[in-house]
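Colleague: Coordinates in my_file_7.csv, CSV, C-alpha atoms, are listed below.
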```csv
chain,number,residue,atom,x,y,z
A,1,MET,CA,-8.0,27.5,10.8
A,2,LEU,CA,-6.5,24.1,11.9
A,3,GLY,CA,-10.0,22.5,12.2
A,4,TRP,CA,-9.5,20.4,9.0
A,5,LEU,CA,-6.3,19.0,10.5
A,6,GLN,CA,-8.0,17.6,13.5
A,7,VAL,CA,-8.5,13.9,12.7
A,8,SER,CA,-10.2,11.5,15.1
A,9,GLN,CA,-8.6,8.3,16.2
A,10,PHE,CA,-11.5,6.5,14.5
A,11,THR,CA,-10.5,8.1,11.2
A,12,VAL,CA,-6.9,7.2,11.5
A,13,PHE,CA,-7.6,3.6,12.2
A,14,LEU,CA,-10.2,3.5,9.4
A,15,ALA,CA,-7.6,5.0,7.0
A,16,LEU,CA,-5.1,2.3,8.0
A,17,ALA,CA,-7.7,-0.4,7.3
A,18,ALA,CA,-8.5,1.2,3.9
A,19,ALA,CA,-4.8,1.4,3.0
A,20,GLY,CA,-4.1,-2.2,4.0
A,21,PHE,CA,-7.2,-3.4,2.1
A,22,THR,CA,-6.2,-1.4,-1.0
A,23,VAL,CA,-2.7,-3.0,-1.0
A,24,LEU,CA,-4.3,-6.4,-0.5
A,25,LEU,CA,-6.6,-5.9,-3.4
A,26,ILE,CA,-3.7,-4.7,-5.6
A,27,SER,CA,-1.6,-7.7,-4.7
A,28,LEU,CA,-4.4,-10.1,-5.4
A,29,VAL,CA,-5.3,-8.6,-8.7
A,30,PHE,CA,-1.8,-8.1,-10.0
A,31,GLY,CA,-0.3,-11.2,-8.4
A,32,GLU,CA,3.2,-11.0,-7.1
A,33,LEU,CA,3.7,-7.4,-8.4
A,34,PHE,CA,5.4,-6.2,-5.3
A,35,GLU,CA,7.8,-9.1,-5.3
A,36,HIS,CA,8.8,-8.5,-8.9
A,37,ILE,CA,9.5,-4.8,-8.5
A,38,GLY,CA,11.6,-5.4,-5.4
A,39,LEU,CA,9.2,-4.0,-2.8
A,40,ASP,CA,8.8,-7.2,-0.9
A,41,HIS,CA,12.0,-8.2,0.9
A,42,ASP,CA,11.0,-11.5,2.4
A,43,ALA,CA,13.9,-13.7,3.4
A,44,ASP,CA,11.7,-16.9,3.3
A,45,ASP,CA,10.9,-16.3,-0.4
A,46,LEU,CA,14.7,-16.5,-1.2
A,47,SER,CA,14.8,-20.1,-0.1
A,48,HIS,CA,11.7,-21.0,-2.2
A,49,GLY,CA,10.1,-22.3,1.0
A,50,GLY,CA,6.8,-20.5,0.3
A,51,PRO,CA,5.5,-17.2,1.5
A,52,GLY,CA,7.0,-15.6,4.5
A,53,PHE,CA,5.4,-13.8,7.4
A,54,PHE,CA,6.6,-10.4,6.0
A,55,SER,CA,5.2,-11.0,2.5
A,56,THR,CA,3.0,-8.3,1.0
A,57,ARG,CA,-0.3,-10.2,1.5
A,58,VAL,CA,0.3,-11.2,5.1
A,59,MET,CA,1.4,-7.6,6.0
A,60,SER,CA,-1.6,-6.1,4.3
A,61,VAL,CA,-3.9,-8.4,6.2
A,62,PHE,CA,-2.2,-7.3,9.4
A,63,VAL,CA,-2.6,-3.6,8.6
A,64,THR,CA,-6.2,-4.0,7.5
A,65,THR,CA,-7.2,-5.9,10.6
A,66,PHE,CA,-5.1,-3.6,12.8
A,67,GLY,CA,-7.0,-0.6,11.4
A,68,GLY,CA,-10.4,-2.2,11.4
A,69,ALA,CA,-10.1,-3.5,15.0
A,70,GLY,CA,-8.7,-0.2,16.2
A,71,ALA,CA,-11.5,1.7,14.6
A,72,LEU,CA,-14.0,-0.7,16.2
A,73,ALA,CA,-12.4,-0.2,19.6
A,74,THR,CA,-12.5,3.6,19.3
A,75,TYR,CA,-16.1,3.4,18.2
A,76,PHE,CA,-16.8,1.7,21.6
A,77,LYS,CA,-15.0,4.7,23.3
A,78,LEU,CA,-11.6,3.1,24.1
A,79,SER,CA,-8.7,5.5,24.1
A,80,ALA,CA,-5.8,5.2,21.5
A,81,LEU,CA,-3.5,2.9,23.5
A,82,PRO,CA,-6.1,0.1,24.3
A,83,ALA,CA,-7.5,0.5,20.8
A,84,SER,CA,-4.0,0.1,19.3
A,85,LEU,CA,-3.3,-2.9,21.5
A,86,ILE,CA,-6.5,-4.6,20.4
A,87,GLY,CA,-5.7,-3.7,16.8
A,88,PHE,CA,-2.2,-5.1,17.1
A,89,LEU,CA,-3.3,-8.4,18.7
A,90,THR,CA,-6.1,-8.8,16.2
A,91,GLY,CA,-3.7,-8.0,13.3
A,92,ILE,CA,-1.2,-10.6,14.6
A,93,PHE,CA,-3.9,-13.2,14.9
A,94,PHE,CA,-5.3,-12.8,11.4
A,95,ALA,CA,-1.9,-12.3,9.8
A,96,THR,CA,-0.8,-15.5,11.4
A,97,LEU,CA,-3.9,-17.3,10.2
A,98,ILE,CA,-3.2,-16.1,6.6
A,99,TYR,CA,0.5,-17.0,6.9
A,100,LEU,CA,-0.3,-20.5,8.0
A,101,PHE,CA,-3.0,-21.0,5.4
A,102,ALA,CA,-0.6,-19.7,2.6
A,103,ARG,CA,2.2,-22.1,3.8
A,104,PHE,CA,-0.3,-25.0,3.8
A,105,LEU,CA,-1.4,-24.1,0.2
A,106,TYR,CA,2.3,-23.8,-0.8
A,107,GLY,CA,3.1,-27.2,0.7
A,108,GLN,CA,0.2,-28.8,-1.3
A,109,GLN,CA,1.7,-27.7,-4.7
A,110,ALA,CA,3.1,-30.5,-6.8
A,111,THR,CA,6.1,-30.1,-9.0
A,112,SER,CA,6.7,-31.6,-12.4
A,113,GLU,CA,10.4,-30.8,-12.3
A,114,ILE,CA,12.5,-33.9,-12.9
A,115,ARG,CA,16.2,-33.7,-12.3
A,116,GLY,CA,18.7,-35.3,-14.6
A,117,THR,CA,20.0,-37.5,-11.9
A,118,GLU,CA,16.5,-39.1,-11.7
A,119,LEU,CA,16.7,-40.2,-15.3
A,120,VAL,CA,20.2,-41.8,-15.4
A,121,GLY,CA,19.8,-45.6,-15.3
A,122,ARG,CA,16.1,-45.6,-16.1
A,123,GLN,CA,14.6,-47.8,-18.8
A,124,ALA,CA,13.1,-45.9,-21.7
A,125,ARG,CA,11.5,-46.7,-25.1
A,126,VAL,CA,12.5,-45.0,-28.3
A,127,VAL,CA,9.4,-43.2,-29.7
A,128,VAL,CA,11.2,-41.4,-32.6
A,129,ALA,CA,13.9,-43.5,-34.2
A,130,ILE,CA,17.5,-42.4,-33.5
A,131,PRO,CA,19.4,-42.3,-36.8
A,132,ALA,CA,23.2,-43.1,-36.9
A,133,GLY,CA,25.0,-40.1,-35.6
A,134,GLY,CA,21.7,-38.2,-35.1
A,135,VAL,CA,19.0,-37.6,-32.5
A,136,GLY,CA,15.6,-39.1,-31.9
A,137,GLN,CA,13.2,-39.1,-28.9
A,138,VAL,CA,12.8,-41.5,-26.0
A,139,ARG,CA,10.0,-41.7,-23.4
A,140,CYS,CA,10.3,-43.0,-19.9
A,141,ARG,CA,8.2,-43.1,-16.8
A,142,VAL,CA,9.3,-41.2,-13.6
A,143,GLY,CA,6.8,-41.9,-10.9
A,144,GLU,CA,3.4,-41.3,-12.4
A,145,GLU,CA,4.7,-39.0,-15.1
A,146,LEU,CA,5.8,-39.8,-18.7
A,147,VAL,CA,8.9,-37.9,-19.7
A,148,ASP,CA,9.9,-37.3,-23.3
A,149,LYS,CA,13.5,-36.4,-24.1
A,150,ILE,CA,15.6,-35.8,-27.1
A,151,ALA,CA,18.1,-38.7,-27.3
A,152,ARG,CA,21.2,-39.9,-29.1
A,153,SER,CA,22.8,-43.2,-28.9
A,154,SER,CA,26.0,-43.6,-26.9
A,155,ASP,CA,27.8,-45.5,-29.7
A,156,GLY,CA,26.5,-43.4,-32.5
A,157,LEU,CA,24.6,-46.3,-34.1
A,158,ALA,CA,21.0,-46.1,-35.2
A,159,ILE,CA,18.3,-47.3,-32.8
A,160,PRO,CA,14.9,-48.1,-34.3
A,161,GLU,CA,11.6,-47.0,-32.9
A,162,ASN,CA,10.0,-49.0,-30.1
A,163,THR,CA,13.4,-50.3,-28.9
A,164,ALA,CA,14.0,-50.6,-25.1
A,165,VAL,CA,17.0,-48.5,-24.0
A,166,THR,CA,18.7,-47.4,-20.8
A,167,ILE,CA,19.5,-43.7,-20.2
A,168,SER,CA,23.2,-43.6,-19.4
A,169,GLU,CA,23.8,-39.8,-19.3
A,170,VAL,CA,22.0,-36.5,-19.3
A,171,LEU,CA,23.4,-33.6,-21.3
A,172,GLY,CA,21.1,-30.6,-20.6
A,173,GLU,CA,17.8,-31.4,-22.3
A,174,MET,CA,19.3,-34.3,-24.2
A,175,VAL,CA,19.9,-37.8,-23.0
A,176,VAL,CA,22.4,-40.4,-24.1
A,177,VAL,CA,21.0,-43.9,-24.4
A,178,LYS,CA,22.2,-47.5,-24.9
A,179,ALA,CA,20.1,-50.1,-26.6
A,180,ALA,CA,19.2,-53.0,-24.4
A,181,SER,CA,21.0,-55.4,-26.7
A,182,ALA,CA,24.2,-53.3,-26.5
A,183,GLU,CA,24.2,-53.5,-22.7
A,184,GLN,CA,24.3,-57.3,-22.8
A,185,SER,CA,27.3,-57.5,-25.1
```
Would you give me this structure, written as structure tokens?
Modeller:
Amino acid sequence: MLGWLQVSQFTVFLALAAAGFTVLLISLVFGELFEHIGLDHDADDLSHGGPGFFSTRVMSVFVTTFGGAGALATYFKLSALPASLIGFLTGIFFATLIYLFARFLYGQQATSEIRGTELVGRQARVVVAIPAGGVGQVRCRVGEELVDKIARSSDGLAIPENTAVTISEVLGEMVVVKAASAEQS
């Protein structure tokens, strides 16, 4: 009667490998699904320092390799304890490899985020004329990137297109500029 409940060690390890692989596939197909619905509580992710060791993908690699190596060890007639130890060590090894690779990839990402403090004091050029009391657009170079910002003049006077200006203040997405001739007076 209880014959269907008797499960071999090999089957248990294989089921763990299958479960880990299924979670890995789901997280790869649906992206950061588990992080968005609150199932991935990774402290490293909170600091935006890249993936942590306990992220969904790293843990699913651990479970997959733990199960696979454990199943392989039981296939070669090892008992549950040595098979579990081999699975654990193999899981740690491959999870660490994935973690290090993910951290490397995260570190290679470039950001195009430019902070307002980087703009203050920079030279820019008016690309859309700024009317008196109105707004126009300026363009400046920050590193290798060209940045366009909505701009208004600091004194409220009109600034024609193609005039060199200096950014004196950042107000959210808008910058306040002074014409180069206004700075010299």
Colleague: Excluding A:Ala19 and its own-chain neighbours fewer than 3 positions away, which residues fall within 10 Å of it when counting all atoms listed in the file? Please give them as a PyMOL selection string.
Modeller: chain A and resi 13-16+22-25+60+63-64+67
Colleague: Rank nothing, just name the residue among A:Gln108, A:Thr90, A:Thr96, A:Asn162 nearest to A:Ala124, using only C-alpha atoms.
Modeller: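 Closest residue, counting only C-alpha atoms: A:Asn162.
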Colleague: Residues within 8 Å of stretch 73-84 of chain A, please, as a list in words. Count all atoms listed in the file; anything in the same chain fewer than 6 positions from it doesn't count.
Modeller: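 Counting only the stated atoms, we get Gln9, Phe10 and Phe66 of chain A.
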Colleague: Report, in Å to a single decimal, how far apart atom CA of A:Gly70 and atom CA of A:Gly52 are.
Modeller: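 Between these atoms lies a distance of 24.9 Å.
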Colleague: Could you please give me, as an mmCIF file with C-alpha atoms, in the coordinates of the input, the residues of protein, DNA or RNA lying at most 8 Å from (9.7, -43.2, -34.7) in the coordinate frame of the file, considering all atoms listed in the file?
Modeller:
```cif
data_model
loop_
_atom_site.group_PDB
_atom_site.id
_atom_site.type_symbol
_atom_site.label_atom_id
_atom_site.label_comp_id
_atom_site.auth_asym_id
_atom_site.auth_seq_id
_atom_site.Cartn_x
_atom_site.Cartn_y
_atom_site.Cartn_z
ATOM 1 C CA VAL A 126 12.500 -45.000 -28.300
ATOM 2 C CA VAL A 127 9.400 -43.200 -29.700
ATOM 3 C CA VAL A 128 11.200 -41.400 -32.600
ATOM 4 C CA ALA A 129 13.900 -43.500 -34.200
ATOM 5 C CA ILE A 130 17.500 -42.400 -33.500
ATOM 6 C CA GLY A 136 15.600 -39.100 -31.900
ATOM 7 C CA GLN A 137 13.200 -39.100 -28.900
ATOM 8 C CA PRO A 160 14.900 -48.100 -34.300
ATOM 9 C CA GLU A 161 11.600 -47.000 -32.900
ATOM 10 C CA ASN A 162 10.000 -49.000 -30.100
#
```
Colleague: Choose the residue, out of A:Arg103, A:Arg57, A:Arg122, A:Arg141, that has the smallest atom-to-atom separation from A:Val170; count only C-alpha atoms.
Modeller: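 Ranking A:Arg103, A:Arg57, A:Arg122, A:Arg141 by distance to A:Val170, first place goes to A:Arg122.
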Colleague: Separation of atom CA of A:Gly87 and atom CA of A:Phe101, in Å?
Modeller: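 Taking atom CA of A:Gly87 as the start and atom CA of A:Phe101 as the end point, the length is 20.9 Å.
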Colleague: Please measure the separation of atom CA of A:Phe62 and atom CA of A:Gly20, giving the value in Å to one decimal.
Modeller: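 Value for the atom CA of A:Phe62-atom CA of A:Gly20 distance: 7.7 Å.
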